[in-house]
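Okay, structure first, notes after.
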Amino acid sequence: NAALMERHAAVEFQQVKAQAESAAGLTDKQPEQAAQQFDAATAKLKDLFAQARTKENLARLDSALGQGNKFQALRNLAELDLLIPSDPRMSGLREKAAALSWPKEGSVDLGGGVAMDLVFIRSGSFTMGSEANDVSNSEKPVHQVSIIKPFYMGKYEVTQEQWQALMGSNPSAYKNKGAKNPVDGVSWDDCQQFVAKLNEKLPGLKASLPTEAQWEYACRAGSTTKFCYGDDGSGLGEYAWYMANSDNTSHPVGAKKPNAWGLYDMHGNVLEW
């Protein structure tokens with residue numbers, strides 16, 4: 001990472017570069033000495049890079065702590081845990097990060113100018129399932145569920161451009177409808193691969209598909225009614241793309257009203273894992 005080295009170790013890097021160039025000049029005449037110099041230069045370069053990454057993450061962590069951004073602070077701490085796990089400063093930094101409140105929203109950079117917005121879902125209890133005649137028996141019986149740990153959920157369904165940015169492909173049947181449409185045509189196994197790549201972008205945190213309880217809790221958003229907004233089906237078109245208004249195709253995410261916790265398309269658009 002040349003830019004990182006320029007910021008934190010420019011002089012030392014030039015010295016290592018000179019050492020490597022010197023070794024290159026000895027390759028034919030003194031191969032053993034050249035190999036030793038190459039090894040020394042490589043070791044020094046790795047050390048300089050680790051030092052530069054440490055400085056960069058310490059600076060970003062200090063900024064995150066100053067701004068009260070727990071989401072970013074945990075990511076920087078995870079990097080530092082790999083670089084300087086036994087550093088005496090780490091204990092105090094962990095305590096400061098732990099004392100921060102979780103932000104209501106977060107964002108993950110997926111690369112290529114594409115991001116994934118997240119919404120904080122607080123812990124709590126809710127009544128899960130339904131006894132209505134028009135629902136599957138798998139929704140019965142109604143029972144009380146406690147969500148012990150808070151979590152983040154995607155603000156929108158995963159879009160085609162997000163899938164493309166992370167996976168390098170777009171398997172959607174409706175890809176001609178636009179990059180902001182939700183990705184479709186993906187299996188549960190495909191989604192596990194997506195989650196694995198997403199976790200590479202989230203040091204200090206762990207992404208997963210939501211459990212059924214987490215999903216319903218987030219969808220209800222504190223409501224006890226048939227839909228997140230109430231029981232009247234005539235208002236569904238304000239919150240969802242479904243059979244009556246979708247023209248049998250997917251639509252850009254976030255075009256309808258969100259639920260009370262700021263999540264979009266929890267009703268309608270495409271099926272979700």
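Naming works like this for the structure tokens: A, B, ... for the chains as they're shown, residue 1 at the start of each chain, ligands 1 onward in shown order.
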
Could you pull the residues within 10 Å of Thr225 in chain A, counting only C-alpha atoms, minus those fewer than 6 positions along the same chain, as a PyMOL selection string?
-> chain A and resi 130+231-232

Same residues, N, CA and C atoms, output as a PDB file, in the first residue's frame:
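The result, written out as again38.pdb:
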```pdb
ATOM      1  N   SER A 130     -48.719 -16.139  14.380  1.00  0.00           N
ATOM      2  CA  SER A 130     -50.073 -15.666  14.146  1.00  0.00           C
ATOM      3  C   SER A 130     -51.051 -16.844  14.212  1.00  0.00           C
ATOM      4  N   ASP A 231     -53.748  -3.348  10.665  1.00  0.00           N
ATOM      5  CA  ASP A 231     -54.447  -4.541  10.181  1.00  0.00           C
ATOM      6  C   ASP A 231     -55.127  -4.358   8.825  1.00  0.00           C
ATOM      7  N   ASP A 232     -55.271  -3.122   8.364  1.00  0.00           N
ATOM      8  CA  ASP A 232     -56.024  -2.835   7.151  1.00  0.00           C
ATOM      9  C   ASP A 232     -55.187  -3.115   5.902  1.00  0.00           C
TER      10      ASP A 232
END
```

Per residue of range 178-258 of chain A within 12 Å of range 79-92 of chain A, what are the shortest atom pair and its distance in Å to one decimal, counting only C-alpha atoms, with rows by chain and residue number, as CSV?
```
residue,atom,partner,partner_atom,distance
A:Glu200,CA,A:Glu79,CA,11.6
A:Lys201,CA,A:Glu79,CA,11.4
A:Leu202,CA,A:Glu79,CA,10.3
A:Pro203,CA,A:Glu79,CA,6.9
A:Gly204,CA,A:Glu79,CA,8.0
A:Leu205,CA,A:Glu79,CA,11.5
```

Dump N, CA, C and O atoms for the selected residues as a compact mmCIF listing (two decimals), in the first residue's frame?
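What ended up in out-v8.txt:
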```txt
# COMPACT_ATOMS: atom_id res chain seq x y z
N GLU A 200 -15.51 -10.07 5.70
CA GLU A 200 -14.17 -9.56 5.44
C GLU A 200 -14.14 -8.03 5.51
O GLU A 200 -13.08 -7.44 5.74
N LYS A 201 -15.30 -7.42 5.33
CA LYS A 201 -15.40 -5.95 5.40
C LYS A 201 -15.76 -5.48 6.81
O LYS A 201 -15.88 -4.27 7.04
N LEU A 202 -15.97 -6.42 7.73
CA LEU A 202 -16.48 -6.08 9.06
C LEU A 202 -15.61 -6.62 10.18
O LEU A 202 -16.08 -7.39 11.03
N PRO A 203 -14.33 -6.28 10.23
CA PRO A 203 -13.53 -6.74 11.36
C PRO A 203 -14.10 -6.23 12.68
O PRO A 203 -14.48 -5.07 12.80
N GLY A 204 -14.19 -7.10 13.65
CA GLY A 204 -14.74 -6.71 14.94
C GLY A 204 -16.22 -6.96 15.07
O GLY A 204 -16.77 -6.89 16.16
N LEU A 205 -16.89 -7.27 13.96
CA LEU A 205 -18.32 -7.57 13.97
C LEU A 205 -18.54 -8.86 13.18
O LEU A 205 -17.64 -9.35 12.50
```

From a DSSP calculation on the backbone, collect every residue of range 19-133 of chain A in strand (DSSP E) and output the set as an NGL selection string.
-> :A and (105-111 or 114-121 or 124-128)

List every residue of range 71-181 of chain A that DSSP, applied to the backbone of this structure, places in helix (DSSP H, G or I), and write the result as number ranges by chain.
-> A: 71-83, 89-99, 137-139, 160-167, 175-177

If we count only C-alpha atoms, what is near range 61-77 of chain A at a cut-off of 8 Å, once residues fewer than 5 positions away on the same chain are taken out, given as an NGL selection string?
-> :A and (93-94 or 96-98 or 100-103 or 106 or 202-205)

Write out as a list in words each polymer residue whose atoms come within 9 Å of range 170-185 of chain A, counting only C-alpha atoms; drop sequence neighbours fewer than 4 positions from it.
->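 Here the answer would be Tyr156, Glu157, Val158, Thr159, Gln160, Glu161, Gln162, Trp163, Gln164, Thr249, Ser250, His251, Pro252, Val253, Asn269, Val270, Leu271 and Glu272 of chain A.
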
Determine, counting only C-alpha atoms, which protein, DNA and RNA residues have an atom within 7 Å of an atom of Tyr239 in chain A; residues of the same chain fewer than 4 positions away are not included. Present the result as a VMD selection string.
-> chain A and resid 256 to 258 265 267

CA of Phe227 in chain A to CA of Ala260 in chain A: how many Å, to one decimal?
-> 11.5 Å
